[in-house]
file my_file25.tsv (TSV, C-alpha atoms)
chain	number	residue	atom	x	y	z
A	1	MET	CA	4.04	-4.56	-1.77
A	2	THR	CA	6.51	-4.84	-4.62
A	3	ASN	CA	6.71	-4.40	-8.38
A	4	LEU	CA	7.46	-7.58	-10.36
A	5	THR	CA	9.59	-7.29	-13.50
A	6	ARG	CA	10.02	-10.92	-14.62
A	7	ALA	CA	7.34	-10.67	-17.33
A	8	HIS	CA	8.78	-7.29	-18.34
A	9	ASP	CA	12.17	-8.92	-18.95
A	10	GLU	CA	10.57	-11.67	-21.05
A	11	LEU	CA	8.67	-9.07	-23.08
A	12	PHE	CA	11.91	-7.52	-24.29
A	13	ARG	CA	13.96	-10.66	-24.91
A	14	ARG	CA	11.48	-12.73	-26.93
A	15	SER	CA	11.37	-12.64	-30.72
A	16	PRO	CA	8.01	-12.67	-32.56
A	17	ASP	CA	8.29	-16.37	-33.43
A	18	GLU	CA	8.47	-17.21	-29.70
A	19	ARG	CA	5.15	-15.48	-28.87
A	20	PHE	CA	1.79	-17.27	-28.64
A	21	GLU	CA	-1.76	-15.95	-28.66
A	22	SER	CA	-3.30	-18.36	-26.17
A	23	LEU	CA	-2.57	-21.32	-23.92
A	24	ALA	CA	-4.15	-23.55	-26.57
A	25	SER	CA	-1.73	-22.39	-29.27
A	26	LEU	CA	1.19	-22.68	-26.84
A	27	LEU	CA	0.11	-26.22	-25.94
A	28	SER	CA	-0.13	-27.20	-29.62
A	29	HIS	CA	3.43	-25.96	-30.23
A	30	CYS	CA	4.80	-27.73	-27.15
A	31	ARG	CA	3.12	-31.00	-28.12
A	32	LYS	CA	4.70	-30.86	-31.57
A	33	ASP	CA	8.11	-30.32	-29.96
A	34	LYS	CA	7.53	-33.31	-27.69
A	35	GLU	CA	6.34	-35.56	-30.50
A	36	ASN	CA	9.22	-34.65	-32.80
A	37	SER	CA	11.99	-34.93	-30.21
A	38	ARG	CA	13.75	-38.03	-28.94
A	39	ASP	CA	16.34	-39.01	-26.35
A	40	ARG	CA	19.39	-41.02	-27.37
A	41	TRP	CA	21.71	-42.50	-24.77
A	42	GLU	CA	25.25	-42.64	-26.12
A	43	LEU	CA	28.62	-43.43	-24.58
A	44	PRO	CA	31.12	-40.56	-24.77
A	45	ARG	CA	33.19	-42.30	-27.47
A	46	ALA	CA	30.07	-42.48	-29.68
A	47	ILE	CA	29.82	-38.67	-29.91
A	48	GLN	CA	31.90	-37.87	-32.98
A	49	PRO	CA	32.61	-34.21	-33.90
A	50	LEU	CA	32.40	-33.51	-37.64
A	51	ALA	CA	33.54	-30.62	-39.83
A	52	LEU	CA	31.28	-30.16	-42.83
A	53	GLY	CA	32.38	-27.12	-44.77
A	54	CYS	CA	32.22	-24.20	-42.35
A	55	ASP	CA	29.90	-26.02	-39.94
A	56	LEU	CA	30.75	-28.01	-36.84
A	57	LYS	CA	28.38	-30.94	-36.31
A	58	ILE	CA	28.34	-34.28	-34.52
A	59	ALA	CA	27.46	-37.86	-35.39
A	60	LEU	CA	26.12	-40.36	-32.88
A	61	GLY	CA	27.02	-44.02	-32.73
A	62	GLY	CA	27.52	-45.81	-35.99
A	63	ASP	CA	24.72	-44.26	-38.07
A	64	GLY	CA	27.01	-41.48	-39.37
A	65	ALA	CA	24.14	-38.97	-39.72
A	66	ALA	CA	25.34	-35.40	-39.21
A	67	LEU	CA	23.45	-33.48	-36.52
A	68	GLY	CA	23.60	-29.71	-36.14
A	69	LEU	CA	24.21	-27.90	-32.87
A	70	ASN	CA	22.20	-24.92	-31.71
A	71	ASP	CA	23.58	-22.26	-29.40
A	72	TRP	CA	22.65	-24.15	-26.23
A	73	SER	CA	23.80	-27.65	-27.24
A	74	PHE	CA	27.07	-26.24	-28.59
A	75	SER	CA	27.70	-24.57	-25.22
A	76	GLN	CA	26.94	-27.84	-23.43
A	77	LEU	CA	29.31	-29.78	-25.70
A	78	CYS	CA	32.12	-27.33	-24.92
A	79	ASP	CA	31.37	-27.60	-21.20
A	80	ILE	CA	31.58	-31.39	-21.40
A	81	ALA	CA	34.94	-31.09	-23.19
A	82	ARG	CA	36.04	-28.42	-20.68
A	83	VAL	CA	37.09	-26.01	-23.38
A	84	SER	CA	36.09	-22.39	-23.79
A	85	ARG	CA	33.06	-21.97	-26.01
A	86	ASP	CA	34.34	-18.55	-27.11
A	87	THR	CA	37.70	-20.04	-28.09
A	88	VAL	CA	36.14	-22.88	-30.10
A	89	ASN	CA	33.84	-20.37	-31.80
A	90	ARG	CA	36.86	-18.52	-33.20
A	91	LEU	CA	38.41	-21.62	-34.77
A	92	LEU	CA	37.91	-23.02	-38.24
A	93	ALA	CA	35.48	-25.93	-38.27
A	94	ASP	CA	38.14	-28.59	-38.81
A	95	THR	CA	40.35	-27.13	-36.06
A	96	ALA	CA	37.37	-27.01	-33.71
A	97	ARG	CA	36.62	-30.64	-34.57
A	98	ARG	CA	40.17	-31.73	-33.69
A	99	VAL	CA	40.04	-29.78	-30.41
A	100	LEU	CA	36.85	-31.54	-29.38
A	101	VAL	CA	38.12	-34.96	-30.47
A	102	GLU	CA	41.13	-34.45	-28.18
A	103	THR	CA	39.18	-33.05	-25.21
A	104	LEU	CA	35.84	-34.89	-25.07
A	105	PRO	CA	35.93	-37.36	-22.16
A	106	ASP	CA	35.90	-41.12	-22.39
A	107	GLY	CA	34.14	-43.42	-19.96
A	108	ARG	CA	31.27	-45.79	-19.33
A	109	LYS	CA	28.61	-43.30	-18.24
A	110	PRO	CA	26.37	-42.42	-21.20
A	111	PHE	CA	25.21	-38.99	-22.23
A	112	GLN	CA	21.58	-38.13	-22.88
A	113	VAL	CA	21.45	-36.51	-26.32
A	114	PHE	CA	18.10	-34.83	-27.00
A	115	THR	CA	17.42	-34.35	-30.72
A	116	GLU	CA	14.70	-32.93	-32.93
A	117	GLY	CA	15.05	-33.85	-36.59
A	118	ASP	CA	18.68	-33.23	-37.58
A	119	MET	CA	19.36	-30.82	-34.69
A	120	VAL	CA	20.74	-31.52	-31.20
A	121	ARG	CA	18.66	-29.64	-28.64
A	122	SER	CA	20.70	-30.57	-25.55
A	123	ILE	CA	23.30	-32.92	-24.13
A	124	HIS	CA	23.11	-34.07	-20.50
A	125	GLY	CA	24.61	-36.58	-18.15
A	126	THR	CA	22.72	-39.29	-16.30
A	127	HIS	CA	21.61	-36.97	-13.47
A	128	TYR	CA	19.28	-34.91	-15.66
A	129	THR	CA	15.53	-35.67	-15.86
A	130	ARG	CA	13.35	-33.92	-18.41
A	131	LEU	CA	9.95	-32.33	-17.77
A	132	TYR	CA	8.14	-31.55	-21.01
A	133	ASN	CA	6.61	-28.13	-21.57
A	134	ALA	CA	3.53	-29.82	-23.05
A	135	ASP	CA	2.78	-31.62	-19.76
A	136	LEU	CA	3.08	-28.39	-17.78
A	137	VAL	CA	0.89	-26.34	-20.15
A	138	ALA	CA	-1.73	-29.13	-20.32
A	139	MET	CA	-1.99	-29.04	-16.53
A	140	LEU	CA	-2.53	-25.26	-16.63
A	141	MET	CA	-5.25	-25.68	-19.26
A	142	GLU	CA	-7.08	-28.02	-16.87
A	143	PHE	CA	-6.65	-26.27	-13.52
A	144	ALA	CA	-6.23	-22.56	-14.35
A	145	VAL	CA	-9.34	-22.27	-16.51
A	146	ASP	CA	-10.22	-18.67	-15.57
A	147	PHE	CA	-6.72	-17.34	-16.16
A	148	CYS	CA	-5.58	-15.72	-19.39
A	149	PRO	CA	-2.69	-13.56	-20.64
A	150	PRO	CA	-2.75	-9.87	-19.65
A	151	GLN	CA	-3.31	-7.11	-22.18
A	152	ARG	CA	-0.76	-7.14	-24.98
A	153	GLY	CA	2.55	-5.48	-24.32
A	154	PHE	CA	3.40	-2.31	-26.22
A	155	ASN	CA	5.28	-4.41	-28.83
A	156	GLY	CA	2.44	-6.87	-29.33
A	157	ALA	CA	3.81	-9.60	-27.06
A	158	THR	CA	1.19	-11.61	-25.18
A	159	GLY	CA	2.96	-12.94	-22.09
A	160	LEU	CA	3.06	-16.51	-23.49
A	161	TYR	CA	6.44	-17.56	-24.87
A	162	CYS	CA	8.34	-20.65	-25.96
A	163	GLY	CA	11.73	-20.81	-27.66
A	164	GLU	CA	14.36	-23.46	-28.27
A	165	GLN	CA	15.68	-23.09	-24.71
A	166	ASP	CA	12.68	-22.47	-22.46
A	167	MET	CA	9.04	-21.46	-22.03
A	168	PHE	CA	7.37	-18.78	-19.90
A	169	ALA	CA	3.73	-17.94	-19.25
A	170	PHE	CA	2.23	-14.87	-17.56
A	171	LEU	CA	-1.43	-15.38	-16.63
A	172	ILE	CA	-3.97	-13.35	-14.67
A	173	ASP	CA	-7.64	-13.60	-13.76
A	174	PRO	CA	-9.10	-10.28	-14.94
A	175	THR	CA	-12.42	-11.01	-13.18
A	176	GLY	CA	-10.90	-12.20	-9.93
A	177	TRP	CA	-10.73	-8.88	-8.10
A	178	ALA	CA	-10.87	-9.23	-4.34
A	179	GLU	CA	-10.28	-7.11	-1.27
A	180	ILE	CA	-7.05	-7.35	0.72
A	181	ASP	CA	-6.64	-4.91	3.62
A	182	GLY	CA	-9.22	-2.59	2.12
A	183	GLN	CA	-7.68	-2.48	-1.36
A	184	ALA	CA	-8.54	-4.20	-4.65
A	185	PHE	CA	-6.25	-6.92	-5.97
A	186	ALA	CA	-6.50	-9.60	-8.66
A	187	PRO	CA	-4.62	-12.94	-8.77
A	188	GLY	CA	-1.93	-13.87	-11.27
A	189	PHE	CA	1.12	-16.05	-11.71
A	190	PHE	CA	4.26	-16.67	-13.74
A	191	VAL	CA	5.22	-20.23	-14.68
A	192	TRP	CA	8.35	-21.39	-16.47
A	193	ASN	CA	10.26	-24.49	-17.58
A	194	SER	CA	13.06	-25.68	-19.84
A	195	GLU	CA	13.13	-29.04	-21.62
A	196	VAL	CA	16.86	-28.64	-22.24
A	197	GLY	CA	18.09	-27.66	-18.77
A	198	LYS	CA	18.46	-23.93	-19.35
A	199	ARG	CA	16.41	-23.08	-16.26
A	200	SER	CA	14.49	-24.75	-13.44
A	201	VAL	CA	10.77	-25.45	-13.50
A	202	GLY	CA	8.76	-23.14	-11.27
A	203	ILE	CA	5.81	-20.91	-10.50
A	204	SER	CA	5.39	-17.55	-8.79
A	205	THR	CA	1.89	-16.59	-7.65
A	206	PHE	CA	0.82	-13.13	-6.51
A	207	TRP	CA	-2.01	-10.63	-6.08
A	208	PHE	CA	-1.59	-7.38	-8.00
A	209	GLN	CA	-3.24	-4.01	-8.54
A	210	ALA	CA	-2.17	-3.12	-12.10
A	211	VAL	CA	-0.24	-4.39	-15.15
A	212	CYS	CA	1.16	-1.83	-17.59
A	213	ALA	CA	1.99	-2.14	-21.30
A	214	ASN	CA	5.58	-2.99	-20.34
A	215	HIS	CA	4.19	-6.01	-18.43
A	216	ILE	CA	5.45	-4.69	-15.11
A	217	VAL	CA	3.21	-6.00	-12.33
A	218	TRP	CA	2.55	-3.11	-9.98
A	219	ASP	CA	1.99	-3.34	-6.23
A	220	ALA	CA	2.08	-7.12	-5.92
A	221	THR	CA	1.47	-8.74	-2.56
A	222	GLU	CA	1.51	-12.30	-1.19
A	223	VAL	CA	4.20	-13.31	-3.69
A	224	VAL	CA	4.93	-17.04	-3.36
A	225	GLU	CA	7.56	-18.84	-5.44
A	226	PHE	CA	8.25	-22.54	-5.96
A	227	THR	CA	11.10	-23.97	-8.06
A	228	ARG	CA	12.59	-27.39	-8.67
A	229	LYS	CA	15.68	-28.55	-10.52
A	230	HIS	CA	15.49	-31.13	-13.31
A	231	THR	CA	16.68	-34.08	-11.26
A	232	GLY	CA	15.20	-37.52	-10.61
A	233	LYS	CA	11.93	-36.35	-8.98
A	234	VAL	CA	11.21	-33.35	-11.20
A	235	GLY	CA	7.98	-35.03	-12.34
A	236	GLU	CA	6.57	-34.35	-8.88
A	237	ALA	CA	6.78	-30.63	-9.67
A	238	LEU	CA	3.65	-30.97	-11.83
A	239	GLY	CA	1.63	-32.02	-8.80
A	240	ASP	CA	3.18	-29.31	-6.64
A	241	ILE	CA	2.43	-26.58	-9.20
A	242	ARG	CA	-1.10	-27.90	-9.68
A	243	ARG	CA	-1.75	-27.65	-5.93
A	244	ILE	CA	-0.33	-24.12	-5.84
A	245	VAL	CA	-2.68	-23.07	-8.66
A	246	GLU	CA	-5.63	-24.78	-6.95
A	247	ASN	CA	-4.85	-22.94	-3.69
A	248	LEU	CA	-4.69	-19.63	-5.56
A	249	VAL	CA	-8.07	-20.33	-7.17
A	250	ALA	CA	-9.63	-21.31	-3.82
A	251	LYS	CA	-8.36	-18.15	-2.15
A	252	ARG	CA	-9.59	-16.09	-5.11
A	253	ASP	CA	-13.10	-17.52	-4.81
A	254	GLU	CA	-13.19	-16.90	-1.07
A	255	ARG	CA	-11.94	-13.34	-1.37
A	256	ARG	CA	-14.01	-12.50	-4.44
A	257	ASP	CA	-17.23	-13.30	-2.59
A	258	GLY	CA	-16.25	-10.85	0.13
A	259	PHE	CA	-15.20	-8.24	-2.43
A	260	VAL	CA	-18.54	-8.48	-4.25
A	261	GLU	CA	-20.29	-7.69	-0.99
A	262	VAL	CA	-18.03	-4.67	-0.41
A	263	VAL	CA	-18.73	-3.35	-3.94
A	264	ARG	CA	-22.45	-3.88	-3.42
A	265	LYS	CA	-22.31	-1.76	-0.27
A	266	ALA	CA	-20.13	0.83	-1.99
A	267	MET	CA	-22.77	1.23	-4.72
A	268	THR	CA	-25.42	2.22	-2.16
A	269	THR	CA	-23.37	4.01	0.51
A	270	LYS	CA	-22.89	7.73	0.07
A	271	LEU	CA	-19.50	9.26	0.71
A	272	GLY	CA	-21.05	12.08	2.71
A	273	ALA	CA	-24.23	14.01	3.27
A	274	ASP	CA	-23.04	16.76	0.93
A	275	ALA	CA	-20.09	17.82	-1.24
A	276	GLU	CA	-18.27	19.36	1.69
A	277	GLU	CA	-18.33	16.16	3.73
A	278	ALA	CA	-17.32	14.14	0.68
A	279	MET	CA	-14.39	16.49	0.05
A	280	LYS	CA	-13.22	16.04	3.64
A	281	ALA	CA	-13.43	12.24	3.32
A	282	LEU	CA	-11.38	12.24	0.13
A	283	THR	CA	-8.62	14.56	1.37
A	284	LYS	CA	-8.45	12.59	4.62
A	285	ASN	CA	-7.70	9.48	2.54
A	286	GLY	CA	-4.83	11.05	0.59
A	287	ILE	CA	-6.68	12.49	-2.42
A	288	SER	CA	-5.57	16.01	-3.35
A	289	LYS	CA	-8.21	18.76	-3.23
A	290	ALA	CA	-7.92	19.43	-6.95
A	291	LEU	CA	-8.38	15.77	-7.89
A	292	ALA	CA	-11.15	15.31	-5.31
A	293	LYS	CA	-13.07	18.26	-6.75
A	294	ARG	CA	-12.87	16.86	-10.28
A	295	ALA	CA	-13.93	13.39	-9.15
A	296	LEU	CA	-16.94	14.75	-7.26
A	297	GLU	CA	-17.95	16.78	-10.29
A	298	VAL	CA	-17.81	13.66	-12.49
A	299	ALA	CA	-19.79	11.59	-9.97
A	300	GLN	CA	-22.46	14.27	-9.53
A	301	SER	CA	-22.78	14.86	-13.28
A	302	GLU	CA	-23.78	11.20	-13.69
A	303	GLY	CA	-26.38	11.49	-10.96
A	304	ARG	CA	-24.48	9.37	-8.47
A	305	PHE	CA	-22.69	10.35	-5.31
A	306	THR	CA	-21.87	6.96	-3.80
A	307	ILE	CA	-18.48	5.62	-2.75
A	308	PHE	CA	-18.40	3.41	-5.83
A	309	ALA	CA	-19.24	6.33	-8.15
A	310	VAL	CA	-16.39	8.40	-6.72
A	311	VAL	CA	-13.92	5.50	-6.93
A	312	ASP	CA	-14.98	4.95	-10.55
A	313	ALA	CA	-14.46	8.65	-11.31
A	314	LEU	CA	-11.01	8.66	-9.70
A	315	THR	CA	-10.01	5.53	-11.65
A	316	ARG	CA	-11.00	7.16	-14.95
A	317	LEU	CA	-9.18	10.37	-14.08
A	318	ALA	CA	-6.06	8.32	-13.22
A	319	GLN	CA	-5.80	7.25	-16.87
A	320	GLU	CA	-4.90	10.85	-17.73
A	321	ASN	CA	-1.52	10.41	-16.01
A	322	GLU	CA	1.30	10.06	-18.52
A	323	PHE	CA	3.37	7.53	-16.59
A	324	ALA	CA	2.30	4.01	-15.60
A	325	GLY	CA	3.75	4.42	-12.11
A	326	ASP	CA	1.63	7.52	-11.48
A	327	ARG	CA	-1.45	5.73	-12.79
A	328	ALA	CA	-0.82	2.78	-10.49
A	329	VAL	CA	-0.44	5.05	-7.44
A	330	ALA	CA	-3.64	6.90	-8.31
A	331	ASP	CA	-5.54	3.62	-8.82
A	332	GLU	CA	-4.30	2.34	-5.45
A	333	LYS	CA	-5.54	5.44	-3.64
A	334	ALA	CA	-8.91	5.20	-5.37
A	335	SER	CA	-9.42	1.51	-4.60
A	336	SER	CA	-8.53	2.10	-0.94
A	337	LEU	CA	-11.72	4.15	-0.60
A	338	LEU	CA	-13.77	0.96	-0.92
A	339	ALA	CA	-12.80	0.24	2.67
A	340	LEU	CA	-15.17	3.05	3.68
A	341	ALA	CA	-18.08	0.82	2.67
A	342	VAL	CA	-17.15	-1.93	5.12
call {"tool": "encode", "arguments": {"input": "my_file25.tsv", "output": "structure tokens"}}
result
Amino acid sequence: MTNLTRAHDELFRRSPDERFESLASLLSHCRKDKENSRDRWELPRAIQPLALGCDLKIALGGDGAALGLNDWSFSQLCDIARVSRDTVNRLLADTARRVLVETLPDGRKPFQVFTEGDMVRSIHGTHYTRLYNADLVAMLMEFAVDFCPPQRGFNGATGLYCGEQDMFAFLIDPTGWAEIDGQAFAPGFFVWNSEVGKRSVGISTFWFQAVCANHIVWDATEVVEFTRKHTGKVGEALGDIRRIVENLVAKRDERRDGFVEVVRKAMTTKLGADAEEAMKALTKNGISKALAKRALEVAQSEGRFTIFAVVDALTRLAQENEFAGDRAVADEKASSLLALAV
């Protein structure tokens, strides 16, 4: 098992305006981006750098309209010209314009200039093929119907993000708990894409035991990752990701049925004939005597002394741990006791 930190990294790098409350709100945003953006195919000589005051912009073809550059498209323009972005950034706008006029290539292969309003989102050559975020999120809405974002991160972030360069979604099924090797796991996945070529399109599926407020996924198993570059057949990635989600759902349903039966047995099976036998069973399975005693006291005080009652008591006591890692370890040990009901 491993701890996954990809959603944790996204939690800390995303600004509030890149966070979304639900897949529906994320889809609405992505559709607006798609509707308001357009591709323009222009020969290299048609890309004309402009200096307007302190700003460096470009014009395309003969329309003369000035288009702004964001951080990503400016970096791409410098890469095409084979000049250092950092160097150009230090120059006055008119000097930067003259540098780019001198260094931008000439030729017959057009560039794909992706614009939204008066802003250039990206500049690519002929090899690049775009996959829209809206198409990816719409597919998730259709085939991952039981999945939702995890609990909010400590800073209010949801796990659903979209910025000018890329999108990322962290989804789990909070009701999909199933048994794997005698322990309780739930399914989840990360999915990501970039309409402007910042990153590949991909998905990572997994089964996990806990997610903390830092959006670290604890004790993940069966981690499977699929990625594809934005080349000619990137559209096929939608079908591949859909099948991966469908397989995860099918495995969840199969395992959940078995897990329900285990829980049903755990709710009727006693841990031992008396407190002494129960204590022995708990310590034999890695529970300290002090914690075992408290858990048995909680279970007995509620009139129950079954395996499920003890696991429930241990899970509640685990929340008293200050650190998420300690809570996750305690939860893992508690859930492992369900195997005694098999």
call {"tool": "closest_residue", "arguments": {"input": "my_file25.tsv", "among": "A:Leu67, A:Leu238, A:Val224, A:Ala213", "to": "Gly188 (chain A)", "atoms": "only C-alpha atoms"}}
result
A:Val224
call {"tool": "atom_distance", "arguments": {"input": "my_file25.tsv", "atom1": "CA of Ala93 (chain A)", "atom2": "CA of Ile123 (chain A)"}}
result
19.9 Å
call {"tool": "axis_aligned_box", "arguments": {"input": "my_file25.tsv", "around": "region 225-243 of chain A", "padding_each_side": "6 Å", "output": "AutoDock Vina command-line options"}}
result
--center_x 7.5 --center_y -28.2 --center_z -9.4 --size_x 30.4 --size_y 30.7 --size_z 19.9
call {"tool": "closest_residue", "arguments": {"input": "my_file25.tsv", "among": "A:Val196, A:Ile241, A:Leu160, A:Val145", "to": "His215 (chain A)", "atoms": "only C-alpha atoms"}}
result
A:Leu160
call {"tool": "closest_atom_pairs", "arguments": {"input": "my_file25.tsv", "of": "region 98-165 of chain A", "to": "region 23-31 of chain A", "cutoff": "7 Å", "atoms": "all atoms listed in the file", "output": "tab-separated table"}}
result
residue	atom	partner	partner_atom	distance
A:Asn133	CA	A:Cys30	CA	5.9
A:Ala134	CA	A:Cys30	CA	4.8
A:Val137	CA	A:Leu27	CA	5.8
A:Ala138	CA	A:Leu27	CA	6.6
A:Met141	CA	A:Leu23	CA	6.9
call {"tool": "closest_residue", "arguments": {"input": "my_file25.tsv", "among": "A:Thr315, A:Phe185, A:Val191, A:Ile216", "to": "Phe154 (chain A)", "atoms": "all atoms listed in the file"}}
result
A:Ile216
call {"tool": "closest_residue", "arguments": {"input": "my_file25.tsv", "among": "A:Arg108, A:Arg152, A:Lys293, A:Lys57", "to": "Arg19 (chain A)", "atoms": "all atoms listed in the file"}}
result
A:Arg152
call {"tool": "closest_residue", "arguments": {"input": "my_file25.tsv", "among": "A:Ser200, A:Gln319, A:Asn89, A:Thr175", "to": "Asp257 (chain A)", "atoms": "all atoms listed in the file"}}
result
A:Thr175
call {"tool": "atom_distance", "arguments": {"input": "my_file25.tsv", "atom1": "CA of Gly286 (chain A)", "atom2": "CA of Phe208 (chain A)"}}
result
20.6 Å
call {"tool": "atom_distance", "arguments": {"input": "my_file25.tsv", "atom1": "CA of Ala250 (chain A)", "atom2": "CA of Val201 (chain A)"}}
result
23.0 Å
call {"tool": "closest_residue", "arguments": {"input": "my_file25.tsv", "among": "A:Gln151, A:Ala66, A:Val245, A:Thr95", "to": "Ala210 (chain A)", "atoms": "only C-alpha atoms"}}
result
A:Gln151
